[in-house]
file protein30.cif (mmCIF, C-alpha atoms)
data_entry
loop_
_atom_site.group_PDB
_atom_site.id
_atom_site.type_symbol
_atom_site.label_atom_id
_atom_site.label_comp_id
_atom_site.auth_asym_id
_atom_site.auth_seq_id
_atom_site.Cartn_x
_atom_site.Cartn_y
_atom_site.Cartn_z
ATOM 1 C CA MET A 1 24.738 116.689 94.000
ATOM 2 C CA ASN A 2 25.535 115.365 97.432
ATOM 3 C CA THR A 3 28.738 117.025 98.610
ATOM 4 C CA LEU A 4 29.417 114.548 101.380
ATOM 5 C CA LEU A 5 28.949 111.637 99.003
ATOM 6 C CA VAL A 6 31.584 113.073 96.667
ATOM 7 C CA ILE A 7 33.962 113.649 99.579
ATOM 8 C CA ALA A 8 33.416 110.125 100.905
ATOM 9 C CA GLY A 9 34.026 108.660 97.438
ATOM 10 C CA MET A 10 37.191 110.722 97.006
ATOM 11 C CA GLY A 11 38.404 109.599 100.417
ATOM 12 C CA LEU A 12 37.722 105.962 99.639
ATOM 13 C CA VAL A 13 39.572 105.857 96.299
ATOM 14 C CA THR A 14 42.470 107.855 97.752
ATOM 15 C CA PHE A 15 42.810 105.410 100.635
ATOM 16 C CA PHE A 16 42.753 102.566 98.125
ATOM 17 C CA THR A 17 45.696 104.018 96.164
ATOM 18 C CA ARG A 18 47.692 104.470 99.368
ATOM 19 C CA TYR A 19 46.895 101.177 101.052
ATOM 20 C CA ALA A 20 46.695 98.698 98.147
ATOM 21 C CA MET A 21 50.418 98.115 97.648
ATOM 22 C CA ILE A 22 51.288 98.363 101.332
ATOM 23 C CA ALA A 23 48.793 95.566 101.962
ATOM 24 C CA ALA A 24 49.704 93.552 98.854
ATOM 25 C CA LEU A 25 53.480 93.592 99.407
ATOM 26 C CA GLY A 26 53.233 92.572 103.029
ATOM 27 C CA ARG A 27 55.124 89.299 102.676
ATOM 28 C CA GLU A 28 58.656 88.252 101.722
ATOM 29 C CA LEU A 29 59.322 89.510 98.184
ATOM 30 C CA PRO A 30 61.455 88.040 95.388
ATOM 31 C CA SER A 31 64.911 89.589 95.340
ATOM 32 C CA VAL A 32 64.390 91.255 91.949
ATOM 33 C CA VAL A 33 61.315 93.089 93.250
ATOM 34 C CA ARG A 34 63.136 94.171 96.409
ATOM 35 C CA ARG A 35 66.056 95.507 94.383
ATOM 36 C CA TRP A 36 63.707 97.318 91.985
ATOM 37 C CA LEU A 37 61.832 98.942 94.867
ATOM 38 C CA ARG A 38 65.114 100.359 96.214
ATOM 39 C CA TYR A 39 65.345 102.599 93.114
ATOM 40 C CA VAL A 40 61.790 103.900 93.383
ATOM 41 C CA PRO A 41 62.414 106.734 95.915
ATOM 42 C CA ALA A 42 65.214 108.334 93.844
ATOM 43 C CA ALA A 43 63.049 108.172 90.720
ATOM 44 C CA VAL A 44 59.853 109.400 92.390
ATOM 45 C CA LEU A 45 61.572 112.265 94.212
ATOM 46 C CA ALA A 46 63.366 113.419 91.057
ATOM 47 C CA ALA A 47 60.050 113.274 89.203
ATOM 48 C CA LEU A 48 58.445 115.441 91.881
ATOM 49 C CA VAL A 49 61.240 118.034 91.624
ATOM 50 C CA ALA A 50 61.907 118.501 87.912
ATOM 51 C CA PRO A 51 58.610 119.812 86.478
ATOM 52 C CA PRO A 52 57.839 122.482 89.131
ATOM 53 C CA ALA A 53 61.455 123.694 88.965
ATOM 54 C CA LEU A 54 62.121 123.561 85.234
ATOM 55 C CA ALA A 55 58.686 123.638 83.632
ATOM 56 C CA PRO A 56 56.271 125.415 86.002
ATOM 57 C CA THR A 57 53.760 125.981 83.200
ATOM 58 C CA GLY A 58 54.299 122.652 81.438
ATOM 59 C CA ARG A 59 56.851 123.914 78.935
ATOM 60 C CA LEU A 60 60.550 123.763 79.620
ATOM 61 C CA GLU A 61 61.843 127.171 80.729
ATOM 62 C CA TRP A 62 65.016 128.228 82.511
ATOM 63 C CA GLY A 63 64.406 131.055 84.969
ATOM 64 C CA ALA A 64 64.494 132.002 88.622
ATOM 65 C CA ARG A 65 62.937 128.612 89.543
ATOM 66 C CA GLY A 66 65.665 126.705 87.752
ATOM 67 C CA TRP A 67 68.390 128.719 89.460
ATOM 68 C CA ALA A 68 66.668 128.295 92.830
ATOM 69 C CA ALA A 69 66.558 124.536 92.282
ATOM 70 C CA LEU A 70 70.228 124.506 91.276
ATOM 71 C CA VAL A 71 71.181 126.399 94.453
ATOM 72 C CA GLY A 72 68.889 124.056 96.402
ATOM 73 C CA ALA A 73 70.627 121.026 94.875
ATOM 74 C CA LEU A 74 74.053 122.367 95.879
ATOM 75 C CA VAL A 75 72.866 123.099 99.416
ATOM 76 C CA ALA A 76 71.206 119.670 99.626
ATOM 77 C CA TRP A 77 74.408 117.983 98.468
ATOM 78 C CA ARG A 78 76.573 119.870 100.983
ATOM 79 C CA THR A 79 74.258 119.896 104.019
ATOM 80 C CA ARG A 80 71.810 116.994 103.487
ATOM 81 C CA SER A 81 69.326 119.148 105.344
ATOM 82 C CA VAL A 82 65.756 119.787 104.219
ATOM 83 C CA TRP A 83 65.689 123.004 106.250
ATOM 84 C CA TRP A 84 68.777 124.487 104.582
ATOM 85 C CA THR A 85 67.737 123.293 101.126
ATOM 86 C CA ILE A 86 64.436 125.162 101.427
ATOM 87 C CA VAL A 87 66.058 128.257 102.932
ATOM 88 C CA GLY A 88 68.822 128.323 100.300
ATOM 89 C CA GLY A 89 66.485 127.738 97.366
ATOM 90 C CA LEU A 90 63.942 130.331 98.465
ATOM 91 C CA ALA A 91 66.684 132.879 99.229
ATOM 92 C CA ALA A 92 68.096 132.379 95.725
ATOM 93 C CA PHE A 93 64.613 132.743 94.235
ATOM 94 C CA CYS A 94 63.890 135.972 96.146
ATOM 95 C CA LEU A 95 67.298 137.425 95.304
ATOM 96 C CA LEU A 96 66.840 136.718 91.595
ATOM 97 C CA ARG A 97 63.346 138.168 91.648
ATOM 98 C CA TRP A 98 64.673 141.250 93.408
ATOM 99 C CA LEU A 99 67.355 141.584 90.738
ATOM 100 C CA GLY A 100 64.575 141.447 88.170
ATOM 101 C CA LEU A 101 65.196 138.010 86.669
ATOM 102 C CA MET B 1 57.012 108.813 121.577
ATOM 103 C CA ASN B 2 60.319 110.385 120.700
ATOM 104 C CA ASP B 3 60.050 109.105 117.120
ATOM 105 C CA LEU B 4 56.585 110.589 116.777
ATOM 106 C CA ARG B 5 57.966 113.973 117.780
ATOM 107 C CA ARG B 6 60.893 113.621 115.359
ATOM 108 C CA GLY B 7 58.456 112.893 112.527
ATOM 109 C CA LEU B 8 56.309 115.907 113.373
ATOM 110 C CA TRP B 9 59.447 118.028 113.558
ATOM 111 C CA ALA B 10 60.586 116.752 110.146
ATOM 112 C CA ALA B 11 57.365 118.043 108.569
ATOM 113 C CA LEU B 12 57.845 121.521 110.042
ATOM 114 C CA PRO B 13 60.043 123.029 107.272
ATOM 115 C CA LEU B 14 57.181 122.389 104.827
ATOM 116 C CA THR B 15 54.908 124.803 106.711
ATOM 117 C CA PRO B 16 55.280 127.814 104.345
ATOM 118 C CA GLY B 17 54.242 125.691 101.362
ATOM 119 C CA LEU B 18 51.381 124.048 103.233
ATOM 120 C CA LEU B 19 50.093 127.360 104.530
ATOM 121 C CA ALA B 20 50.239 129.047 101.128
ATOM 122 C CA PHE B 21 48.481 126.232 99.270
ATOM 123 C CA GLY B 22 46.100 125.469 102.148
ATOM 124 C CA LEU B 23 44.851 129.051 102.270
ATOM 125 C CA LEU B 24 44.442 129.041 98.491
ATOM 126 C CA TYR B 25 42.495 125.779 98.680
ATOM 127 C CA GLY B 26 40.150 127.205 101.313
ATOM 128 C CA VAL B 27 39.490 130.354 99.325
ATOM 129 C CA MET B 28 38.871 128.377 96.126
ATOM 130 C CA ALA B 29 36.526 126.025 97.952
ATOM 131 C CA ARG B 30 34.420 128.992 99.058
ATOM 132 C CA GLN B 31 34.446 130.450 95.566
ATOM 133 C CA VAL B 32 32.959 127.293 94.055
ATOM 134 C CA GLY B 33 30.259 127.226 96.746
ATOM 135 C CA LEU B 34 31.510 124.886 99.463
ATOM 136 C CA ARG B 35 30.814 125.843 103.076
ATOM 137 C CA PRO B 36 33.851 126.087 105.382
ATOM 138 C CA GLY B 37 32.756 122.874 107.120
ATOM 139 C CA GLU B 38 32.604 121.058 103.780
ATOM 140 C CA ALA B 39 35.998 122.379 102.727
ATOM 141 C CA LEU B 40 37.411 121.146 106.038
ATOM 142 C CA ALA B 41 35.683 117.775 105.685
ATOM 143 C CA MET B 42 37.285 117.271 102.276
ATOM 144 C CA SER B 43 40.746 118.015 103.695
ATOM 145 C CA LEU B 44 40.190 115.720 106.673
ATOM 146 C CA ILE B 45 38.679 112.824 104.719
ATOM 147 C CA VAL B 46 40.583 113.007 101.418
ATOM 148 C CA HIS B 47 43.843 114.757 102.394
ATOM 149 C CA ALA B 48 45.235 114.941 98.850
ATOM 150 C CA GLY B 49 46.096 118.455 97.698
ATOM 151 C CA SER B 50 46.391 117.961 93.926
ATOM 152 C CA ALA B 51 43.169 115.972 93.764
ATOM 153 C CA GLN B 52 41.316 118.484 95.944
ATOM 154 C CA PHE B 53 42.345 121.419 93.726
ATOM 155 C CA THR B 54 41.405 119.518 90.568
ATOM 156 C CA VAL B 55 37.999 118.528 91.925
ATOM 157 C CA LEU B 56 37.284 122.126 92.973
ATOM 158 C CA GLY B 57 37.977 123.089 89.360
ATOM 159 C CA MET B 58 35.283 120.609 88.251
ATOM 160 C CA TRP B 59 32.795 121.540 90.964
ATOM 161 C CA GLY B 60 29.316 122.245 89.611
ATOM 162 C CA ALA B 61 30.365 121.320 86.072
ATOM 163 C CA ALA B 62 30.749 117.560 86.601
ATOM 164 C CA GLY B 63 28.841 114.842 88.417
ATOM 165 C CA ALA B 64 30.003 112.869 91.425
ATOM 166 C CA ALA B 65 31.376 109.939 89.408
ATOM 167 C CA PRO B 66 33.788 111.949 87.198
ATOM 168 C CA MET B 67 35.119 113.793 90.243
ATOM 169 C CA ILE B 68 35.726 110.581 92.192
ATOM 170 C CA LEU B 69 37.287 108.938 89.132
ATOM 171 C CA THR B 70 39.576 111.952 88.614
ATOM 172 C CA THR B 71 40.685 111.680 92.237
ATOM 173 C CA LEU B 72 41.531 108.025 91.679
ATOM 174 C CA VAL B 73 43.490 108.746 88.512
ATOM 175 C CA ILE B 74 45.484 111.606 90.089
ATOM 176 C CA ASN B 75 46.333 109.534 93.156
ATOM 177 C CA LEU B 76 47.444 106.392 91.306
ATOM 178 C CA ARG B 77 51.026 107.568 91.883
ATOM 179 C CA HIS B 78 50.554 106.545 95.516
ATOM 180 C CA LEU B 79 50.525 102.901 94.394
ATOM 181 C CA LEU B 80 54.201 103.249 93.525
ATOM 182 C CA MET B 81 55.025 105.074 96.757
ATOM 183 C CA GLY B 82 53.118 102.480 98.779
ATOM 184 C CA ALA B 83 55.003 99.679 97.017
ATOM 185 C CA SER B 84 58.381 101.192 97.797
ATOM 186 C CA ILE B 85 57.655 101.783 101.482
ATOM 187 C CA ALA B 86 55.841 98.453 101.980
ATOM 188 C CA PRO B 87 58.997 96.417 102.780
ATOM 189 C CA TYR B 88 59.672 98.703 105.769
ATOM 190 C CA LEU B 89 56.169 98.185 107.159
ATOM 191 C CA ARG B 90 56.126 94.421 106.784
ATOM 192 C CA GLY B 91 56.204 93.497 110.447
ATOM 193 C CA LEU B 92 53.417 95.867 111.461
ATOM 194 C CA PRO B 93 49.850 94.800 112.276
ATOM 195 C CA ALA B 94 47.300 95.509 109.533
ATOM 196 C CA ARG B 95 45.652 98.334 111.492
ATOM 197 C CA TRP B 96 48.991 100.179 111.680
ATOM 198 C CA LYS B 97 49.539 99.737 107.937
ATOM 199 C CA ALA B 98 46.053 101.107 107.270
ATOM 200 C CA LEU B 99 46.585 104.048 109.612
ATOM 201 C CA LEU B 100 49.909 104.949 107.982
ATOM 202 C CA ALA B 101 48.431 104.587 104.469
ATOM 203 C CA LEU B 102 45.427 106.753 105.327
ATOM 204 C CA TRP B 103 47.406 110.006 105.586
ATOM 205 C CA MET B 104 50.395 109.197 103.394
ATOM 206 C CA SER B 105 51.051 112.270 101.250
ATOM 207 C CA ASP B 106 53.857 112.763 98.707
ATOM 208 C CA GLU B 107 55.695 114.769 101.343
ATOM 209 C CA SER B 108 55.266 112.475 104.335
ATOM 210 C CA TYR B 109 56.171 109.488 102.152
ATOM 211 C CA ALA B 110 59.381 111.262 101.128
ATOM 212 C CA LEU B 111 60.232 112.175 104.734
ATOM 213 C CA ALA B 112 59.497 108.681 106.015
ATOM 214 C CA ILE B 113 61.328 106.717 103.322
ATOM 215 C CA ALA B 114 64.404 108.974 103.601
ATOM 216 C CA ALA B 115 64.393 108.331 107.360
ATOM 217 C CA TYR B 116 64.062 104.569 106.813
ATOM 218 C CA GLU B 117 66.893 104.668 104.281
ATOM 219 C CA GLY B 118 69.090 106.534 106.760
ATOM 220 C CA GLY B 119 68.300 104.046 109.522
ATOM 221 C CA ARG B 120 66.343 106.635 111.498
ATOM 222 C CA GLY B 121 62.887 105.553 110.360
ATOM 223 C CA SER B 122 60.082 103.895 112.276
ATOM 224 C CA HIS B 123 56.318 103.627 112.084
ATOM 225 C CA LEU B 124 56.020 106.340 114.738
ATOM 226 C CA TYR B 125 58.282 108.674 112.737
ATOM 227 C CA PHE B 126 56.117 107.989 109.657
ATOM 228 C CA LEU B 127 52.974 108.670 111.699
ATOM 229 C CA GLY B 128 54.467 111.924 113.008
ATOM 230 C CA ALA B 129 55.304 113.153 109.492
ATOM 231 C CA ASN B 130 51.798 112.142 108.337
ATOM 232 C CA LEU B 131 50.175 113.911 111.254
ATOM 233 C CA GLY B 132 52.187 117.094 110.805
ATOM 234 C CA MET B 133 51.172 117.345 107.148
ATOM 235 C CA TYR B 134 47.586 116.288 107.862
ATOM 236 C CA LEU B 135 46.919 118.813 110.616
ATOM 237 C CA MET B 136 48.593 121.754 108.883
ATOM 238 C CA TRP B 137 46.843 121.047 105.586
ATOM 239 C CA ALA B 138 43.427 120.839 107.262
ATOM 240 C CA ALA B 139 43.985 123.908 109.469
ATOM 241 C CA SER B 140 45.301 126.164 106.698
ATOM 242 C CA GLY B 141 42.453 125.103 104.397
ATOM 243 C CA LEU B 142 39.885 125.908 107.065
ATOM 244 C CA LEU B 143 41.554 129.260 107.689
ATOM 245 C CA GLY B 144 41.358 130.103 103.981
ATOM 246 C CA ALA B 145 37.705 129.046 103.822
ATOM 247 C CA VAL B 146 36.765 131.103 106.885
ATOM 248 C CA LEU B 147 38.700 134.204 105.855
ATOM 249 C CA GLY B 148 37.533 133.762 102.272
ATOM 250 C CA ALA B 149 39.571 136.792 101.279
ATOM 251 C CA ALA B 150 41.825 136.881 98.263
ATOM 252 C CA VAL B 151 45.146 135.293 99.157
ATOM 253 C CA PRO B 152 48.188 135.944 96.995
ATOM 254 C CA ASP B 153 49.264 133.368 94.441
ATOM 255 C CA PRO B 154 51.911 131.163 96.153
ATOM 256 C CA ALA B 155 53.950 131.252 92.938
ATOM 257 C CA ARG B 156 54.507 135.003 93.316
ATOM 258 C CA TYR B 157 56.729 134.461 96.344
ATOM 259 C CA GLY B 158 58.230 131.209 95.189
ATOM 260 C CA LEU B 159 56.260 129.298 97.808
ATOM 261 C CA ASP B 160 55.396 126.712 95.172
ATOM 262 C CA LEU B 161 59.090 125.791 95.433
ATOM 263 C CA VAL B 162 58.903 124.699 99.081
ATOM 264 C CA PHE B 163 57.771 121.131 98.325
ATOM 265 C CA PRO B 164 60.127 120.568 95.363
ATOM 266 C CA LEU B 165 63.040 121.917 97.437
ATOM 267 C CA ALA B 166 62.142 119.575 100.289
ATOM 268 C CA PHE B 167 62.099 116.640 97.838
ATOM 269 C CA LEU B 168 65.472 117.803 96.540
ATOM 270 C CA GLY B 169 66.871 117.812 100.075
ATOM 271 C CA LEU B 170 65.595 114.269 100.621
ATOM 272 C CA THR B 171 66.842 112.989 97.253
ATOM 273 C CA THR B 172 70.414 113.092 98.592
ATOM 274 C CA SER B 173 69.567 110.059 100.758
ATOM 275 C CA PHE B 174 69.056 107.985 97.608
ATOM 276 C CA VAL B 175 71.640 109.357 95.186
ATOM 277 C CA LYS B 176 74.815 107.873 96.546
ATOM 278 C CA ASP B 177 76.486 106.371 93.489
ATOM 279 C CA ARG B 178 76.496 106.748 89.726
ATOM 280 C CA ARG B 179 73.494 104.449 89.383
ATOM 281 C CA GLY B 180 71.506 106.639 91.743
ATOM 282 C CA VAL B 181 72.473 109.743 89.772
ATOM 283 C CA ALA B 182 71.442 108.043 86.510
ATOM 284 C CA VAL B 183 68.082 107.008 87.965
ATOM 285 C CA ALA B 184 67.354 110.516 89.281
ATOM 286 C CA LEU B 185 68.431 112.267 86.055
ATOM 287 C CA ALA B 186 66.442 109.871 83.868
ATOM 288 C CA ALA B 187 63.336 110.172 86.047
ATOM 289 C CA GLY B 188 63.661 113.975 86.133
ATOM 290 C CA GLY B 189 63.931 114.134 82.349
ATOM 291 C CA LEU B 190 61.032 111.733 81.845
ATOM 292 C CA ALA B 191 58.942 113.761 84.311
ATOM 293 C CA LEU B 192 59.563 116.902 82.257
ATOM 294 C CA LEU B 193 58.332 115.089 79.138
ATOM 295 C CA GLY B 194 55.426 113.599 81.068
ATOM 296 C CA ALA B 195 54.378 116.930 82.566
ATOM 297 C CA ARG B 196 54.048 118.223 79.008
ATOM 298 C CA TRP B 197 52.111 115.331 77.516
ATOM 299 C CA LEU B 198 50.377 113.409 80.318
ATOM 300 C CA PRO B 199 47.351 114.565 82.322
ATOM 301 C CA GLY B 200 47.576 115.595 85.970
ATOM 302 C CA LYS B 201 50.368 114.094 88.030
ATOM 303 C CA TRP B 202 50.776 110.973 85.932
ATOM 304 C CA TYR B 203 54.304 112.051 85.192
ATOM 305 C CA VAL B 204 55.246 111.053 88.758
ATOM 306 C CA LEU B 205 53.944 107.519 88.247
ATOM 307 C CA VAL B 206 55.396 107.027 84.766
ATOM 308 C CA ALA B 207 58.798 108.614 85.442
ATOM 309 C CA GLY B 208 58.987 106.863 88.816
ATOM 310 C CA LEU B 209 58.288 103.479 87.236
ATOM 311 C CA LEU B 210 60.611 103.849 84.248
ATOM 312 C CA GLY B 211 63.389 105.489 86.259
ATOM 313 C CA SER B 212 63.422 102.756 88.896
ATOM 314 C CA VAL B 213 63.366 99.995 86.266
ATOM 315 C CA LEU B 214 66.368 101.690 84.661
ATOM 316 C CA GLY B 215 68.193 101.394 87.989
ATOM 317 C CA LEU B 216 67.528 97.660 88.014
ATOM 318 C CA LEU B 217 68.661 97.276 84.391
ATOM 319 C CA LEU B 218 71.908 99.127 85.060
ATOM 320 C CA GLU B 219 72.491 96.761 87.936
ATOM 321 C CA GLU B 220 71.966 93.670 85.816
ATOM 322 C CA THR B 221 74.251 94.761 83.013
ATOM 323 C CA PRO B 222 77.373 92.634 83.347
ATOM 324 C CA ARG B 223 80.550 94.649 83.520
ATOM 325 C CA PRO B 224 82.911 94.187 80.544
#
call {"tool": "encode", "arguments": {"input": "protein30.cif", "output": "structure tokens"}}
result
Amino acid sequence: MNTLLVIAGMGLVTFFTRYAMIAALGRELPSVVRRWLRYVPAAVLAALVAPPALAPTGRLEWGARGWAALVGALVAWRTRSVWWTIVGGLAAFCLLRWLGL
Amino acid sequence: MNDLRRGLWAALPLTPGLLAFGLLYGVMARQVGLRPGEALAMSLIVHAGSAQFTVLGMWGAAGAAPMILTTLVINLRHLLMGASIAPYLRGLPARWKALLALWMSDESYALAIAAYEGGRGSHLYFLGANLGMYLMWAASGLLGAVLGAAVPDPARYGLDLVFPLAFLGLTTSFVKDRRGVAVALAAGGLALLGARWLPGKWYVLVAGLLGSVLGLLLEETPRP
């Protein structure tokens, strides 16, 4: 198997997934599409957060990760800072681990 | 130039997560028989963490076509991200759009779209966030491949939480009213279901699609 061929193929299909819509939606869009797209970031970001925080192995489980995410959410809400959200969430996680949770 | 620096700076808090997973990627790449140069080439040319880990898991057991197809399937979620950021890139020349798409990761997309939403975004900011992620991912992967020693599991120290926490911090830009809260809660719940029943990272695509359509529906419902 040609390693570089695999890598080139992977790179090509990945670029396609990233570029296709940026290229396709390059003109003035109908208002309904524009309004729909405004809700995509909230939905995508929430979808990227929930499983690693609440179901790290696929199954729903409430543990140190859930608490860390809850603390992170509070910090995010109060500070709107990515830095402090990460610091707060990780500190909560380490503290809970240290306490044996 | 200032925007480029701000974008790079915005990617900085993600360093612990990038380093932990990059090192792990490099070590895994060596274990399945890739040379350090090949591991680096994959990071530089593909630049997609989830897909790279999944393909390493198939290495030697599958042919080229299944591995490339798997990469495509895992990265389909970028179609949705590309669609949502496209309106902000409309005035740019095609070569700028292609350059920004080339290194758009989940994280740099999130940083860039939050900046656009807050009125602080620009193509240079987006490029800076892309570049920060791109360079750190490639460098930490190479380091792992060269060292080749056992690195600790990122999950042990909660470093797998760095990216989700960053997304959480950026979500606040988009959850400003009850509709935003409903969209985020619905998408989060759907993602939990999807993570259980759908392969790979499809839950991001499905929950992102359904959650955002819900936002539109809530908008269209006439008030009594």
call {"tool": "resolve_selection", "arguments": {"input": "protein30.cif", "expression": "the PyMOL selection byres ((chain B) within 7 of (chain A))", "output": "PyMOL selection string"}}
result
chain B and resi 13+42+45-46+64+68+71-72+75-76+78-79+82-84+86-87+90+97-98+101-102+104+158+162+164-172+174-175+180+183-184+187-188+191-192+195-196+204+207-208+211-213+215-216
call {"tool": "resolve_selection", "arguments": {"input": "protein30.cif", "expression": "the PyMOL selection byres ((chain B and resi 138) around 10)", "output": "CSV table (one decimal) with C-alpha atoms, in the coordinates of the input"}}
result
chain,number,residue,atom,x,y,z
B,18,LEU,CA,51.4,124.0,103.2
B,19,LEU,CA,50.1,127.4,104.5
B,22,GLY,CA,46.1,125.5,102.1
B,23,LEU,CA,44.9,129.1,102.3
B,25,TYR,CA,42.5,125.8,98.7
B,26,GLY,CA,40.2,127.2,101.3
B,39,ALA,CA,36.0,122.4,102.7
B,40,LEU,CA,37.4,121.1,106.0
B,41,ALA,CA,35.7,117.8,105.7
B,42,MET,CA,37.3,117.3,102.3
B,43,SER,CA,40.7,118.0,103.7
B,44,LEU,CA,40.2,115.7,106.7
B,45,ILE,CA,38.7,112.8,104.7
B,47,HIS,CA,43.8,114.8,102.4
B,133,MET,CA,51.2,117.3,107.1
B,134,TYR,CA,47.6,116.3,107.9
B,135,LEU,CA,46.9,118.8,110.6
B,136,MET,CA,48.6,121.8,108.9
B,137,TRP,CA,46.8,121.0,105.6
B,139,ALA,CA,44.0,123.9,109.5
B,140,SER,CA,45.3,126.2,106.7
B,141,GLY,CA,42.5,125.1,104.4
B,142,LEU,CA,39.9,125.9,107.1
B,143,LEU,CA,41.6,129.3,107.7
call {"tool": "atom_distance", "arguments": {"input": "protein30.cif", "atom1": "atom CA of Phe126 of chain B", "atom2": "atom CA of Phe21 of chain B"}}
result
22.3 Å
call {"tool": "residues_around", "arguments": {"input": "protein30.cif", "residues": "Leu127 of chain B", "least_positions_apart": "3", "cutoff": "9 Å", "atoms": "only C-alpha atoms", "output": "list in words"}}
result
Asp3, Leu4, Gly7, Leu8, Leu99, Leu100, Trp103, Met104, Ser108, Ala112, Ser122, His123, Leu124, Asn130, Leu131 and Gly132 of chain B
call {"tool": "atom_distance", "arguments": {"input": "protein30.cif", "atom1": "atom CA of Gly189 of chain B", "atom2": "atom CA of Glu117 of chain B"}}
result
24.1 Å
call {"tool": "atom_distance", "arguments": {"input": "protein30.cif", "atom1": "atom CA of Arg5 of chain B", "atom2": "atom CA of Gly128 of chain B"}}
result
6.3 Å
call {"tool": "axis_aligned_box", "arguments": {"input": "protein30.cif", "around": "segment 124-132 of chain B", "padding_each_side": "3 Å", "output": "lines of an AutoDock Vina configuration file"}}
result
center_x = 54.2
center_y = 111.7
center_z = 111.5
size_x = 14.1
size_y = 16.8
size_z = 12.4
call {"tool": "build_atoms", "arguments": {"input": "protein30.cif", "residues": "segment 112-124 of chain B", "atoms": "N, CA and C atoms", "output": "PDB file, keeping the file's coordinate frame"}}
result
ATOM      1  N   ALA B 112      59.421 109.975 105.333  1.00  0.00           N
ATOM      2  CA  ALA B 112      59.497 108.681 106.015  1.00  0.00           C
ATOM      3  C   ALA B 112      60.493 107.753 105.331  1.00  0.00           C
ATOM      4  N   ILE B 113      60.452 107.684 103.989  1.00  0.00           N
ATOM      5  CA  ILE B 113      61.328 106.717 103.322  1.00  0.00           C
ATOM      6  C   ILE B 113      62.789 107.159 103.412  1.00  0.00           C
ATOM      7  N   ALA B 114      63.028 108.488 103.422  1.00  0.00           N
ATOM      8  CA  ALA B 114      64.404 108.974 103.601  1.00  0.00           C
ATOM      9  C   ALA B 114      64.896 108.610 104.999  1.00  0.00           C
ATOM     10  N   ALA B 115      64.005 108.698 105.994  1.00  0.00           N
ATOM     11  CA  ALA B 115      64.393 108.331 107.360  1.00  0.00           C
ATOM     12  C   ALA B 115      64.677 106.832 107.458  1.00  0.00           C
ATOM     13  N   TYR B 116      63.823 106.018 106.813  1.00  0.00           N
ATOM     14  CA  TYR B 116      64.062 104.569 106.813  1.00  0.00           C
ATOM     15  C   TYR B 116      65.408 104.265 106.159  1.00  0.00           C
ATOM     16  N   GLU B 117      65.655 104.911 105.018  1.00  0.00           N
ATOM     17  CA  GLU B 117      66.893 104.668 104.281  1.00  0.00           C
ATOM     18  C   GLU B 117      68.110 105.022 105.138  1.00  0.00           C
ATOM     19  N   GLY B 118      67.987 106.101 105.923  1.00  0.00           N
ATOM     20  CA  GLY B 118      69.090 106.534 106.760  1.00  0.00           C
ATOM     21  C   GLY B 118      69.154 105.803 108.094  1.00  0.00           C
ATOM     22  N   GLY B 119      68.284 104.819 108.286  1.00  0.00           N
ATOM     23  CA  GLY B 119      68.300 104.046 109.522  1.00  0.00           C
ATOM     24  C   GLY B 119      67.659 104.765 110.703  1.00  0.00           C
ATOM     25  N   ARG B 120      66.974 105.888 110.415  1.00  0.00           N
ATOM     26  CA  ARG B 120      66.343 106.635 111.498  1.00  0.00           C
ATOM     27  C   ARG B 120      64.822 106.477 111.468  1.00  0.00           C
ATOM     28  N   GLY B 121      64.328 105.642 110.562  1.00  0.00           N
ATOM     29  CA  GLY B 121      62.887 105.553 110.360  1.00  0.00           C
ATOM     30  C   GLY B 121      62.201 104.586 111.305  1.00  0.00           C
ATOM     31  N   SER B 122      60.914 104.809 111.509  1.00  0.00           N
ATOM     32  CA  SER B 122      60.082 103.895 112.276  1.00  0.00           C
ATOM     33  C   SER B 122      58.634 104.233 111.967  1.00  0.00           C
ATOM     34  N   HIS B 123      57.728 103.343 112.375  1.00  0.00           N
ATOM     35  CA  HIS B 123      56.318 103.627 112.084  1.00  0.00           C
ATOM     36  C   HIS B 123      55.846 104.876 112.834  1.00  0.00           C
ATOM     37  N   LEU B 124      56.423 105.138 113.999  1.00  0.00           N
ATOM     38  CA  LEU B 124      56.020 106.340 114.738  1.00  0.00           C
ATOM     39  C   LEU B 124      56.536 107.615 114.060  1.00  0.00           C
TER      40      LEU B 124
END
